[in-house]
Amino acid sequence: RLTRGGSQPTVFGPGPAILTYPTSVTMAMINVTNVSVLNNPSRFFSDFQFEVSFECLAPLSEDIEWKLIYVGSAESDEHDQELDSILVGPMQASSYKIVFQADPPDPLKIPSHDLLGVTVILLSGFFREREFIRIGYYVNNEYDAPELNESPPEPPLHDRLVRTILAEKPRVTRYQIDWQMPPSLPPSLPNENVPPSLPQPAECGVSSGEMMQQVENMQPQPEPMTH
């Protein structure tokens, strides 16, 4: 069963059964094995699409929730936009794959001086309102013509913006949560052990604020947009 606020995502699975491990309050029940960024590069107003592959290592009678957050400004989280969320579950011990599709951010809620250049998008997984994984990607926004990038127009021309997600450089944080703990209790601290199965994690334990602090030092080289 899947529910969401917007349109339904595409779901593939469950797949072939995998080994079931004894239930433990210290063992992660969900193991994300791969994330592929689809529809990239694309126009600013195109939907985000992430193909998420994961294993459920023991039966879960409750849903897990996936959220997609667009960081609008490095100066304040009040400009962050939750683009969408989906619920997946209940699940048996098996492998799963979903395509999480979300609307683009509202450019009018982004400060004009933060519209161009590099920002961050966060894909997070939750169980009982506790975050168990966060995958952050740098996103570069620029105009589709060199002269517009050299002299950005005012007001901005939103329909001329091109978005490129730096898909090969995710920043991954896994959180140790108690999968049997009542949801009213707080989550535990981040786990710095990022398994090698996730595609090329550049580093772990990095918050969105820390990612934004690194933005000024980055010189992304996005691929040209294909027509």
# chains A, B, ... in the order shown; residues from 1 in each chain; ligands from 1
>>> residues_around(residues="Leu166 in chain A", least_positions_apart="4", cutoff="7 Å", atoms="only C-alpha atoms", output="MDAnalysis selection string")
chainID A and resid 137:139
>>> closest_residue(among="A:Ile110, A:Glu51, A:Asn40, A:Pro104", to="Glu78 in chain A", atoms="only C-alpha atoms")
A:Ile110
>>> closest_residue(among="A:Ala74, A:Val99, A:Ile64, A:Ala145", to="Leu87 in chain A", atoms="only C-alpha atoms")
A:Ile64
>>> atom_distance(atom1="CA of Phe126 in chain A", atom2="CA of Met27 in chain A")
14.9 Å
>>> residues_around(residues="Asp106 in chain A", least_positions_apart="4", cutoff="12 Å", atoms="only C-alpha atoms", output="PyMOL selection string")
chain A and resi 44-47+70-72+79-83+110-112+115+158
>>> write_last_selection(atoms="all heavy atoms", output="compact mmCIF listing (two decimals), in the first residue's frame")
# COMPACT_ATOMS: atom_id res chain seq x y z
N PHE A 44 13.93 23.56 -14.80
CA PHE A 44 13.66 23.83 -13.39
C PHE A 44 12.27 23.36 -12.98
O PHE A 44 12.06 22.86 -11.87
CB PHE A 44 13.82 25.33 -13.12
CG PHE A 44 13.64 25.72 -11.68
CD1 PHE A 44 14.70 25.67 -10.80
CD2 PHE A 44 12.40 26.12 -11.20
CE1 PHE A 44 14.54 26.02 -9.45
CE2 PHE A 44 12.23 26.47 -9.86
CZ PHE A 44 13.30 26.42 -9.00
N PHE A 45 11.29 23.50 -13.88
CA PHE A 45 9.91 23.15 -13.54
C PHE A 45 9.59 21.69 -13.80
O PHE A 45 8.43 21.28 -13.68
CB PHE A 45 8.95 24.05 -14.31
CG PHE A 45 8.87 25.46 -13.77
CD1 PHE A 45 9.21 26.54 -14.56
CD2 PHE A 45 8.48 25.70 -12.46
CE1 PHE A 45 9.14 27.84 -14.07
CE2 PHE A 45 8.41 26.98 -11.95
CZ PHE A 45 8.74 28.06 -12.76
N SER A 46 10.57 20.88 -14.15
CA SER A 46 10.34 19.45 -14.31
C SER A 46 10.26 18.77 -12.95
O SER A 46 10.86 19.23 -11.96
CB SER A 46 11.46 18.81 -15.13
OG SER A 46 11.51 19.36 -16.43
N ASP A 47 9.52 17.66 -12.89
CA ASP A 47 9.42 16.91 -11.64
C ASP A 47 10.77 16.29 -11.27
O ASP A 47 11.56 15.91 -12.15
CB ASP A 47 8.39 15.79 -11.77
CG ASP A 47 6.96 16.32 -11.81
OD1 ASP A 47 6.76 17.51 -11.51
OD2 ASP A 47 6.06 15.53 -12.14
N TYR A 70 13.74 20.45 -0.49
CA TYR A 70 14.58 21.34 -1.29
C TYR A 70 15.04 22.49 -0.41
O TYR A 70 14.23 23.20 0.19
CB TYR A 70 13.79 21.88 -2.49
CG TYR A 70 14.61 22.68 -3.48
CD1 TYR A 70 15.25 22.05 -4.54
CD2 TYR A 70 14.76 24.05 -3.35
CE1 TYR A 70 16.00 22.77 -5.46
CE2 TYR A 70 15.51 24.79 -4.26
CZ TYR A 70 16.13 24.14 -5.32
OH TYR A 70 16.87 24.86 -6.22
N VAL A 71 16.36 22.65 -0.29
CA VAL A 71 16.93 23.71 0.54
C VAL A 71 16.97 24.99 -0.30
O VAL A 71 17.72 25.08 -1.27
CB VAL A 71 18.34 23.32 1.03
CG1 VAL A 71 18.95 24.46 1.85
CG2 VAL A 71 18.26 22.04 1.87
N GLY A 72 16.17 25.98 0.10
CA GLY A 72 16.04 27.19 -0.69
C GLY A 72 17.12 28.22 -0.44
O GLY A 72 17.40 29.04 -1.32
N HIS A 79 13.31 28.79 4.31
CA HIS A 79 13.09 28.73 2.87
C HIS A 79 13.09 27.29 2.34
O HIS A 79 12.94 27.08 1.13
CB HIS A 79 14.15 29.55 2.13
CG HIS A 79 14.14 31.00 2.50
ND1 HIS A 79 13.12 31.85 2.16
CD2 HIS A 79 15.04 31.74 3.20
CE1 HIS A 79 13.38 33.07 2.61
NE2 HIS A 79 14.54 33.02 3.25
N ASP A 80 13.28 26.31 3.25
CA ASP A 80 13.21 24.91 2.83
C ASP A 80 11.78 24.59 2.39
O ASP A 80 10.81 25.07 2.98
CB ASP A 80 13.60 23.98 3.97
CG ASP A 80 15.09 24.07 4.30
OD1 ASP A 80 15.79 24.85 3.65
OD2 ASP A 80 15.52 23.37 5.23
N GLN A 81 11.67 23.74 1.37
CA GLN A 81 10.36 23.32 0.88
C GLN A 81 10.27 21.80 0.87
O GLN A 81 11.13 21.14 0.26
CB GLN A 81 10.10 23.85 -0.53
CG GLN A 81 10.07 25.37 -0.64
CD GLN A 81 9.76 25.84 -2.05
OE1 GLN A 81 8.83 25.33 -2.69
NE2 GLN A 81 10.52 26.82 -2.53
N GLU A 82 9.27 21.25 1.55
CA GLU A 82 9.00 19.82 1.45
C GLU A 82 8.22 19.59 0.17
O GLU A 82 7.06 19.98 0.06
CB GLU A 82 8.22 19.31 2.66
CG GLU A 82 7.97 17.80 2.59
CD GLU A 82 7.26 17.26 3.83
OE1 GLU A 82 7.58 17.72 4.95
OE2 GLU A 82 6.41 16.36 3.66
N LEU A 83 8.86 18.96 -0.79
CA LEU A 83 8.26 18.81 -2.11
C LEU A 83 7.18 17.73 -2.15
O LEU A 83 6.19 17.86 -2.86
CB LEU A 83 9.34 18.51 -3.15
CG LEU A 83 10.47 19.54 -3.24
CD1 LEU A 83 11.44 19.14 -4.34
CD2 LEU A 83 9.93 20.94 -3.48
N ILE A 110 11.84 31.12 -3.01
CA ILE A 110 13.30 31.09 -2.92
C ILE A 110 13.82 32.51 -3.08
O ILE A 110 13.42 33.22 -4.01
CB ILE A 110 13.90 30.20 -4.03
CG1 ILE A 110 13.35 28.77 -3.92
CG2 ILE A 110 15.42 30.18 -3.95
CD1 ILE A 110 13.76 27.87 -5.08
N PRO A 111 14.68 33.00 -2.18
CA PRO A 111 15.26 34.34 -2.35
C PRO A 111 15.91 34.46 -3.73
O PRO A 111 16.57 33.54 -4.20
CB PRO A 111 16.29 34.43 -1.23
CG PRO A 111 15.80 33.47 -0.18
CD PRO A 111 15.16 32.35 -0.94
N SER A 112 15.70 35.58 -4.38
CA SER A 112 16.17 35.75 -5.75
C SER A 112 17.68 35.56 -5.87
O SER A 112 18.16 35.02 -6.87
CB SER A 112 15.77 37.13 -6.28
OG SER A 112 16.31 38.16 -5.45
N LEU A 115 18.52 31.78 -6.17
CA LEU A 115 17.89 30.99 -7.21
C LEU A 115 18.91 30.33 -8.13
O LEU A 115 18.77 29.17 -8.52
CB LEU A 115 16.94 31.87 -8.02
CG LEU A 115 16.03 31.17 -9.02
CD1 LEU A 115 15.12 30.17 -8.31
CD2 LEU A 115 15.20 32.19 -9.79
N HIS A 158 12.21 32.20 -14.96
CA HIS A 158 12.16 30.85 -14.40
C HIS A 158 12.07 29.78 -15.48
O HIS A 158 12.61 28.68 -15.31
CB HIS A 158 10.97 30.73 -13.44
CG HIS A 158 11.04 31.67 -12.28
ND1 HIS A 158 9.96 32.38 -11.80
CD2 HIS A 158 12.09 32.05 -11.50
CE1 HIS A 158 10.32 33.12 -10.77
NE2 HIS A 158 11.62 32.94 -10.57
>>> residues_around(residues="Leu68 in chain A", least_positions_apart="5", cutoff="10 Å", atoms="only C-alpha atoms", output="NGL selection string")
:A and (48 or 50 or 81-86 or 100-103 or 121-125 or 134-136)
>>> atom_distance(atom1="CA of Tyr96 in chain A", atom2="CA of Leu38 in chain A")
17.3 Å
>>> closest_residue(among="A:Gln92, A:Ile133, A:Leu108, A:Ala28", to="Pro155 in chain A", atoms="only C-alpha atoms")
A:Leu108
>>> select_by_dssp(residues="range 48-207 of chain A", states="helix (DSSP H, G or I)", output="JSON, numbers by chain")
{"A": [77, 78, 79, 107, 108, 109, 112, 113, 114, 146, 147, 148, 149, 150, 158, 159, 160]}
>>> closest_residue(among="A:Glu55, A:Glu147, A:Asp159, A:Glu154", to="Lys97 in chain A", atoms="only C-alpha atoms")
A:Glu55
>>> atom_distance(atom1="CA of Phe54 in chain A", atom2="CA of Asp77 in chain A")
28.9 Å
